[in-house]
$ cat upload-v3.cif   # mmCIF, C-alpha atoms
data_final
loop_
_atom_site.label_atom_id
_atom_site.label_comp_id
_atom_site.auth_asym_id
_atom_site.auth_seq_id
_atom_site.Cartn_x
_atom_site.Cartn_y
_atom_site.Cartn_z
CA MET A 9 5.74 7.78 -16.79
CA SER A 10 6.39 6.70 -13.21
CA ALA A 11 3.78 4.40 -11.77
CA GLY A 12 0.98 6.47 -10.31
CA MET A 13 2.79 9.80 -10.71
CA GLY A 14 0.81 12.23 -12.86
CA ALA A 15 -1.40 9.47 -14.24
CA THR A 16 -4.90 10.24 -15.42
CA PHE A 17 -7.75 7.79 -15.76
CA GLU A 18 -10.92 7.87 -17.83
CA ALA A 19 -13.96 5.92 -16.68
CA ALA A 20 -15.27 3.30 -19.09
CA PHE A 21 -18.33 2.92 -16.87
CA SER A 22 -19.64 5.90 -14.91
CA TYR A 23 -22.78 6.43 -12.84
CA ALA A 24 -23.72 9.16 -10.37
CA GLY A 25 -25.69 6.98 -7.95
CA GLN A 26 -27.33 7.99 -4.71
CA PRO A 27 -26.03 10.86 -2.55
CA GLY A 28 -24.37 10.25 0.78
CA PHE A 29 -22.21 7.34 -0.38
CA PRO A 30 -18.58 7.53 -1.53
CA THR A 31 -18.01 6.88 -5.22
CA VAL A 32 -16.91 3.29 -5.89
CA ILE A 33 -13.77 3.19 -8.03
CA GLY A 34 -11.92 0.35 -9.73
CA PHE A 35 -9.95 -0.58 -12.82
CA PHE A 36 -9.76 -3.54 -15.17
CA THR A 37 -7.85 -4.79 -18.19
CA GLU A 38 -9.63 -6.00 -21.30
CA ASP A 39 -9.35 -9.66 -20.30
CA ARG A 40 -11.21 -8.78 -17.06
CA ARG A 41 -14.05 -6.88 -18.74
CA HIS A 42 -16.56 -9.62 -17.89
CA GLN A 43 -15.75 -9.20 -14.20
CA ALA A 44 -16.02 -5.42 -14.42
CA LEU A 45 -19.43 -5.79 -16.06
CA ARG A 46 -20.51 -8.12 -13.26
CA LEU A 47 -19.32 -5.57 -10.70
CA ARG A 48 -21.09 -2.74 -12.54
CA GLU A 49 -24.35 -4.69 -12.68
CA SER A 50 -24.24 -5.22 -8.91
CA LEU A 51 -23.56 -1.50 -8.32
CA LEU A 52 -26.40 -0.40 -10.60
CA ARG A 53 -28.80 -2.75 -8.84
CA LEU A 54 -28.01 -0.96 -5.56
CA ASN A 55 -27.93 2.53 -7.14
CA LEU A 56 -24.30 3.10 -6.10
CA GLY A 57 -22.23 5.67 -7.96
CA HIS A 58 -19.04 4.43 -9.59
CA ARG A 59 -16.12 5.05 -11.91
CA LEU A 60 -14.69 1.87 -13.45
CA CYS A 61 -11.69 2.37 -15.71
CA LEU A 62 -10.31 0.25 -18.55
CA VAL A 63 -6.50 0.26 -18.37
CA PRO A 64 -3.89 -1.23 -20.72
CA SER A 65 -1.89 -2.98 -18.01
CA VAL A 66 -1.43 -3.13 -14.26
CA HIS A 67 1.59 -2.70 -12.04
CA SER A 68 3.57 -5.67 -10.77
CA SER A 69 2.53 -4.87 -7.18
CA ILE A 70 -0.99 -6.02 -8.11
CA THR A 71 -0.10 -9.32 -9.77
CA THR A 72 3.18 -11.11 -10.43
CA ARG A 73 2.13 -11.06 -14.09
CA GLY A 74 2.04 -7.26 -13.98
CA ASP A 75 4.46 -4.75 -15.48
CA THR A 76 7.00 -2.92 -13.32
CA GLN A 77 6.71 0.05 -15.71
CA SER A 78 2.91 0.25 -15.64
CA TRP A 79 1.52 3.44 -14.10
CA VAL A 80 -1.60 1.60 -12.84
CA ASN A 81 -1.19 0.80 -9.16
CA LYS A 82 -3.69 1.04 -6.33
CA PRO A 83 -2.38 4.02 -4.33
CA GLY A 84 -1.83 6.07 -7.49
CA PHE A 85 -5.29 5.22 -8.81
CA ILE A 86 -6.99 5.95 -5.48
CA GLY A 87 -5.08 9.22 -5.15
CA TYR A 88 -6.10 10.31 -8.63
CA TRP A 89 -9.82 9.75 -8.07
CA ARG A 90 -9.82 11.33 -4.60
CA GLY A 91 -8.41 14.43 -6.24
CA ALA A 92 -10.59 14.32 -9.35
CA LEU A 93 -13.79 13.87 -7.34
CA GLY A 94 -12.75 16.01 -4.39
CA GLN A 95 -14.14 13.48 -1.94
CA ALA A 96 -13.66 10.15 -0.22
CA VAL A 97 -13.73 7.01 -2.36
CA LEU A 98 -14.38 3.30 -1.94
CA TYR A 99 -11.86 1.31 -3.98
CA VAL A 100 -12.75 -2.29 -4.94
CA ASP A 101 -11.00 -4.88 -7.09
CA CYS A 102 -12.82 -5.54 -10.36
CA ASP A 103 -13.53 -9.17 -9.42
CA MET A 104 -15.66 -8.15 -6.42
CA VAL A 105 -19.48 -8.17 -6.38
CA PHE A 106 -21.85 -6.11 -4.21
CA CYS A 107 -24.45 -8.48 -2.79
CA ASP A 108 -26.27 -6.08 -0.48
CA LEU A 109 -26.34 -2.40 0.35
CA PRO A 110 -23.12 -1.70 2.31
CA ARG A 111 -24.74 0.26 5.11
CA LEU A 112 -21.59 0.16 7.23
CA VAL A 113 -19.74 2.12 4.54
CA PHE A 114 -22.42 4.82 4.76
CA GLU A 115 -21.69 5.08 8.50
CA ILE A 116 -17.91 5.13 7.98
CA HIS A 117 -18.30 7.86 5.38
CA GLN A 118 -20.59 9.99 7.55
CA ALA A 119 -18.18 9.62 10.48
CA ARG A 120 -15.32 10.88 8.25
CA TYR A 121 -12.87 8.05 8.82
CA ASP A 122 -9.52 8.25 7.01
CA LEU A 123 -9.13 4.55 6.21
CA ALA A 124 -11.27 1.42 6.34
CA VAL A 125 -9.92 -1.95 5.23
CA PHE A 126 -10.04 -5.59 6.29
CA ASN A 127 -7.36 -6.28 8.91
CA TRP A 128 -6.30 -9.85 9.72
CA LEU A 129 -5.30 -8.56 13.18
CA SER A 130 -8.78 -7.20 14.03
CA GLY A 131 -9.59 -10.14 16.32
CA GLU A 132 -12.36 -11.52 14.11
CA ASP A 133 -11.97 -15.26 13.42
CA ASN A 134 -10.20 -15.49 10.06
CA THR A 135 -9.65 -19.22 9.59
CA THR A 136 -9.75 -20.02 5.89
CA TYR A 137 -11.32 -23.11 4.29
CA PHE A 138 -10.45 -24.77 1.00
CA PRO A 139 -12.20 -27.50 -1.00
CA ALA A 140 -11.30 -30.94 0.29
CA SER A 141 -9.32 -33.18 -2.05
CA PRO A 142 -9.46 -37.02 -2.15
CA SER A 143 -6.18 -37.13 -0.22
CA ASP A 144 -7.62 -35.22 2.76
CA ALA A 145 -8.39 -37.53 5.67
CA ALA A 146 -11.58 -35.71 6.63
CA PRO A 147 -13.12 -32.32 5.96
CA SER A 148 -13.24 -30.01 8.94
CA GLY A 149 -15.19 -26.90 9.93
CA GLN A 150 -17.28 -26.54 6.78
CA SER A 151 -19.02 -29.16 4.65
CA GLY A 152 -16.61 -30.47 2.02
CA MET A 153 -13.89 -28.04 3.12
CA VAL A 154 -10.66 -28.35 5.08
CA ALA A 155 -9.19 -25.67 7.31
CA GLY A 156 -6.33 -23.70 5.80
CA PHE A 157 -4.30 -20.85 7.18
CA SER A 158 -5.27 -18.25 9.76
CA ILE A 159 -3.68 -15.39 11.68
CA GLY A 160 -4.30 -15.69 15.39
CA PHE A 161 -2.65 -12.49 16.56
CA ARG A 162 -4.54 -9.26 17.05
CA SER A 163 -3.87 -5.55 17.30
CA ALA A 164 -5.98 -2.43 17.50
CA THR A 165 -3.31 -0.29 15.86
CA GLN A 166 -1.26 -2.47 13.50
CA LEU A 167 -2.38 -3.69 10.10
CA ILE A 168 -2.06 -6.84 8.01
CA ALA A 169 -4.39 -6.00 5.16
CA SER A 170 -6.36 -7.68 2.44
CA GLY A 171 -6.95 -4.68 0.22
CA ALA A 172 -9.65 -5.78 -2.23
CA VAL A 173 -11.99 -3.25 -0.57
CA GLN A 174 -10.64 0.03 0.80
CA TYR A 175 -12.30 3.24 1.97
CA TRP A 176 -10.10 6.34 1.81
CA GLY A 177 -11.28 9.59 3.35
CA ALA A 178 -10.75 13.02 1.85
CA GLY A 179 -8.62 14.56 4.63
CA ASN A 180 -4.95 15.46 4.80
CA VAL A 181 -3.99 12.58 7.09
CA ALA A 182 -5.34 10.05 4.59
CA THR A 183 -3.48 11.88 1.81
CA ALA A 184 -0.20 11.58 3.70
CA LEU A 185 -0.67 7.86 4.32
CA LEU A 186 -1.65 7.29 0.68
CA HIS A 187 1.54 9.06 -0.45
CA LEU A 188 3.68 6.92 1.86
CA TRP A 189 1.98 3.80 0.48
CA LEU A 190 2.67 4.92 -3.09
CA THR A 191 6.32 5.64 -2.25
CA THR A 192 6.65 2.16 -0.75
CA VAL A 193 5.04 0.51 -3.79
CA LEU A 194 7.36 2.34 -6.20
CA ALA A 195 10.40 1.31 -4.13
CA ASN A 196 9.20 -2.31 -4.07
CA PRO A 197 7.64 -2.93 -7.50
CA ARG A 198 7.62 -6.73 -7.23
CA CYS A 199 6.15 -6.88 -3.73
CA ARG A 200 2.42 -7.24 -3.20
CA ASP A 201 0.79 -3.90 -2.55
CA ASP A 202 -1.00 -5.18 0.57
CA HIS A 203 2.40 -5.67 2.22
CA SER A 204 3.46 -2.18 1.18
CA LEU A 205 0.25 -0.83 2.72
CA ASP A 206 1.01 -2.72 5.94
CA PHE A 207 4.46 -1.15 6.08
CA ALA A 208 3.18 2.34 5.31
CA HIS A 209 0.42 2.15 7.92
CA ASN A 210 2.51 0.54 10.66
CA ASN A 211 5.32 3.09 10.23
CA PHE A 212 3.14 6.16 9.63
CA LYS A 213 4.39 9.11 11.68
CA SER A 214 0.87 10.58 11.96
CA SER A 215 -0.63 7.27 13.08
CA LEU A 216 -2.17 8.77 16.22
CA ALA A 217 -4.15 11.22 14.08
CA LEU A 218 -5.32 8.54 11.65
CA ARG A 219 -8.98 7.57 12.07
CA ARG A 220 -9.08 3.91 11.02
CA PHE A 221 -11.85 1.34 10.86
CA TRP A 222 -11.34 -2.40 10.36
CA LEU A 223 -13.91 -3.81 7.96
CA PRO A 224 -15.54 -7.13 8.92
CA ARG A 225 -15.09 -10.13 6.65
CA ALA A 226 -18.55 -9.65 5.15
CA TYR A 227 -17.30 -6.46 3.50
CA CYS A 228 -14.27 -8.16 1.96
CA ARG A 229 -15.62 -11.70 1.85
CA TYR A 230 -13.53 -14.30 0.04
CA ALA A 231 -14.77 -17.74 -0.96
CA TRP A 232 -12.43 -19.26 1.62
CA TRP A 233 -14.91 -18.01 4.25
CA PRO A 234 -17.99 -19.97 3.10
CA GLN A 235 -19.77 -19.43 6.43
CA VAL A 236 -19.84 -15.63 6.02
CA ASP A 237 -22.84 -13.99 4.35
CA PRO A 238 -21.27 -11.47 1.97
CA VAL A 239 -22.05 -7.80 1.57
CA ILE A 240 -19.10 -7.23 -0.81
CA ASN A 241 -18.01 -10.57 -2.18
CA HIS A 242 -15.03 -12.16 -3.91
CA PRO A 243 -16.75 -15.27 -5.33
CA ASP A 244 -13.52 -17.17 -6.01
CA ILE A 245 -10.72 -18.38 -3.78
CA PRO A 246 -7.72 -16.09 -4.43
CA ALA A 247 -4.40 -17.43 -5.64
CA VAL A 248 -2.14 -17.75 -2.61
CA ASN A 249 1.02 -19.15 -4.20
CA GLN A 250 2.27 -16.25 -6.31
CA ALA A 251 6.03 -15.71 -6.10
CA TRP A 252 6.13 -12.22 -4.58
CA ALA A 253 9.38 -10.52 -3.64
CA GLU A 254 10.02 -9.49 -0.06
CA LEU A 255 9.87 -5.85 0.99
CA LEU A 256 13.21 -4.06 1.11
CA LEU A 257 12.97 -2.47 4.53
CA PRO A 258 14.99 0.45 5.90
CA GLU A 259 17.26 -0.56 8.76
CA GLY A 260 15.39 -0.88 12.03
CA LEU A 261 11.91 -0.88 10.44
CA SER A 262 9.53 -3.80 9.87
CA ARG A 263 6.35 -4.47 7.96
CA TYR A 264 4.72 -5.07 11.34
CA TYR A 265 6.06 -5.41 14.88
CA GLU A 266 5.54 -8.79 16.52
CA ALA A 267 6.37 -7.51 19.98
CA ASP A 268 3.26 -5.31 19.84
CA LEU A 269 0.86 -8.07 18.77
CA GLU A 270 -1.47 -9.83 21.19
CA ALA A 271 -2.07 -13.58 21.07
#
$ encode --input "upload-v3.cif" --output "structure tokens"
Amino acid sequence: MSAGMGATFEAAFSYAGQPGFPTVIGFFTEDRRHQALRLRESLLRLNLGHRLCLVPSVHSSITTRGDTQSWVNKPGFIGYWRGALGQAVLYVDCDMVFCDLPRLVFEIHQARYDLAVFNWLSGEDNTTYFPASPSDAAPSGQSGMVAGFSIGFRSATQLIASGAVQYWGAGNVATALLHLWLTTVLANPRCRDDHSLDFAHNNFKSSLALRRFWLPRAYCRYAWWPQVDPVINHPDIPAVNQAWAELLLPEGLSRYYEADLEA
């Protein structure tokens, strides 16, 4: 079965939750069950509806340890649940934790946005911090931490995503973008799916009709931002040294366009 094409998913953990909020969806493999249970506990505490699915494997666009033949990828999974539920969804990685009621997501949902995701180009300070080692001359910025990488450019219309938390609306424009993302993932099975999402978004022919919202760091908060009070949290610092392949781009197209970025 092609990745994401015709796949069906059964929820290992399911809960209706409160009305007026998009269903939270996610998947996990057996070795990640403890993280899925942690996520589920945080959702139950806030009375948020969810569908969390146990899957046998994940696609190589999710992790370099993944399987190129696996049918479990993010755009295929999101597309399935949007169709099965007939409504917008909030996708989260299984290693995320809800720390507080995500009121901003309520507002995004009520306003019928097509896409909401964290964008490194949003203009919000995104300097990362990592634990200081004995070889570091002096910690900087945060206690016991040293500054790492950051992206200083900004754009209101282009995307460089961290896709651990994604809102997808129920409309046709979101469907078209989701399909383009899936097509890009399937054509680039060893590239990280965030990069495929960047390419799909930044080359989307219906971009002017797309209603997008850039989530603040608190809604996709990684441990490398210790100064940010999390609403939806990734408690650990993500691996940043995986050996991903580069996107195979059609001639004349780019993942993003530097000439359109602002310093």
$ resolve_selection --input "upload-v3.cif" --expression "the PyMOL selection byres ((chain A and resi 235) around 12)" --output "PyMOL selection string"
chain A and resi 133-137+149-151+153+225-226+229-234+236-238
$ write_last_selection --input "upload-v3.cif" --atoms "C-alpha atoms" --output "short mmCIF file (atom, residue, chain, number, x, y, z; two decimals), in the coordinates of the input"
data_model
loop_
_atom_site.label_atom_id
_atom_site.label_comp_id
_atom_site.auth_asym_id
_atom_site.auth_seq_id
_atom_site.Cartn_x
_atom_site.Cartn_y
_atom_site.Cartn_z
CA ASP A 133 -11.97 -15.26 13.42
CA ASN A 134 -10.20 -15.49 10.06
CA THR A 135 -9.65 -19.22 9.59
CA THR A 136 -9.75 -20.02 5.89
CA TYR A 137 -11.32 -23.11 4.29
CA GLY A 149 -15.19 -26.90 9.93
CA GLN A 150 -17.28 -26.54 6.78
CA SER A 151 -19.02 -29.16 4.65
CA MET A 153 -13.89 -28.04 3.12
CA ARG A 225 -15.09 -10.13 6.65
CA ALA A 226 -18.55 -9.65 5.15
CA ARG A 229 -15.62 -11.70 1.85
CA TYR A 230 -13.53 -14.30 0.04
CA ALA A 231 -14.77 -17.74 -0.96
CA TRP A 232 -12.43 -19.26 1.62
CA TRP A 233 -14.91 -18.01 4.25
CA PRO A 234 -17.99 -19.97 3.10
CA VAL A 236 -19.84 -15.63 6.02
CA ASP A 237 -22.84 -13.99 4.35
CA PRO A 238 -21.27 -11.47 1.97
#
$ resolve_selection --input "upload-v3.cif" --expression "the PyMOL selection byres ((chain A and resi 85) around 10)" --output "VMD selection string"
chain A and resid 11 to 13 15 to 17 33 to 35 61 79 to 84 86 to 90 99 190
$ write_last_selection --input "upload-v3.cif" --atoms "C-alpha atoms" --output "PDB file, keeping the file's coordinate frame"
ATOM      1  CA  ALA A  11       3.780   4.400 -11.770  1.00  0.00           C
ATOM      2  CA  GLY A  12       0.980   6.470 -10.310  1.00  0.00           C
ATOM      3  CA  MET A  13       2.790   9.800 -10.710  1.00  0.00           C
ATOM      4  CA  ALA A  15      -1.400   9.470 -14.240  1.00  0.00           C
ATOM      5  CA  THR A  16      -4.900  10.240 -15.420  1.00  0.00           C
ATOM      6  CA  PHE A  17      -7.750   7.790 -15.760  1.00  0.00           C
ATOM      7  CA  ILE A  33     -13.770   3.190  -8.030  1.00  0.00           C
ATOM      8  CA  GLY A  34     -11.920   0.350  -9.730  1.00  0.00           C
ATOM      9  CA  PHE A  35      -9.950  -0.580 -12.820  1.00  0.00           C
ATOM     10  CA  CYS A  61     -11.690   2.370 -15.710  1.00  0.00           C
ATOM     11  CA  TRP A  79       1.520   3.440 -14.100  1.00  0.00           C
ATOM     12  CA  VAL A  80      -1.600   1.600 -12.840  1.00  0.00           C
ATOM     13  CA  ASN A  81      -1.190   0.800  -9.160  1.00  0.00           C
ATOM     14  CA  LYS A  82      -3.690   1.040  -6.330  1.00  0.00           C
ATOM     15  CA  PRO A  83      -2.380   4.020  -4.330  1.00  0.00           C
ATOM     16  CA  GLY A  84      -1.830   6.070  -7.490  1.00  0.00           C
ATOM     17  CA  ILE A  86      -6.990   5.950  -5.480  1.00  0.00           C
ATOM     18  CA  GLY A  87      -5.080   9.220  -5.150  1.00  0.00           C
ATOM     19  CA  TYR A  88      -6.100  10.310  -8.630  1.00  0.00           C
ATOM     20  CA  TRP A  89      -9.820   9.750  -8.070  1.00  0.00           C
ATOM     21  CA  ARG A  90      -9.820  11.330  -4.600  1.00  0.00           C
ATOM     22  CA  TYR A  99     -11.860   1.310  -3.980  1.00  0.00           C
ATOM     23  CA  LEU A 190       2.670   4.920  -3.090  1.00  0.00           C
TER      24      LEU A 190
END
$ closest_residue --input "upload-v3.cif" --among "A:Val173, A:Val66, A:Leu269, A:Leu218" --to "Val32 of chain A" --atoms "only C-alpha atoms"
A:Val173
$ atom_distance --input "upload-v3.cif" --atom1 "atom CA of Arg73 of chain A" --atom2 "atom CA of His203 of chain A"
17.2 Å
$ residues_near_point --input "upload-v3.cif" --point "(-8.4, -1.4, 5.0)" --cutoff "9 Å" --atoms "only C-alpha atoms" --output "ChimeraX atom specification"
/A:123-127,167-176,205,220-223
$ atom_distance --input "upload-v3.cif" --atom1 "atom CA of Tyr227 of chain A" --atom2 "atom CA of Leu51 of chain A"
14.3 Å
$ closest_residue --input "upload-v3.cif" --among "A:Cys102, A:His117, A:Ser69, A:Asn196" --to "Pro27 of chain A" --atoms "only C-alpha atoms"
A:His117
$ resolve_selection --input "upload-v3.cif" --expression "the PyMOL selection byres ((chain A and resi 215) around 12)" --output "list in words"
Asp122, Leu123, Ala164, Thr165, Gln166, Leu167, Val181, Ala182, Ala184, Leu185, Ala208, His209, Asn210, Asn211, Phe212, Lys213, Ser214, Leu216, Ala217, Leu218, Arg219 and Arg220 of chain A
$ closest_residue --input "upload-v3.cif" --among "A:Gln95, A:Thr192, A:Gln77, A:Thr37" --to "Pro64 of chain A" --atoms "all atoms listed in the file"
A:Thr37
$ atom_distance --input "upload-v3.cif" --atom1 "atom CA of Asp108 of chain A" --atom2 "atom CA of Phe138 of chain A"
24.5 Å
$ closest_residue --input "upload-v3.cif" --among "A:Val248, A:Glu270, A:Ser22, A:Asn55" --to "Ile159 of chain A" --atoms "all atoms listed in the file"
A:Glu270
$ closest_residue --input "upload-v3.cif" --among "A:Asn241, A:Ala251, A:Phe161, A:Gln118" --to "Tyr264 of chain A" --atoms "all atoms listed in the file"
A:Phe161
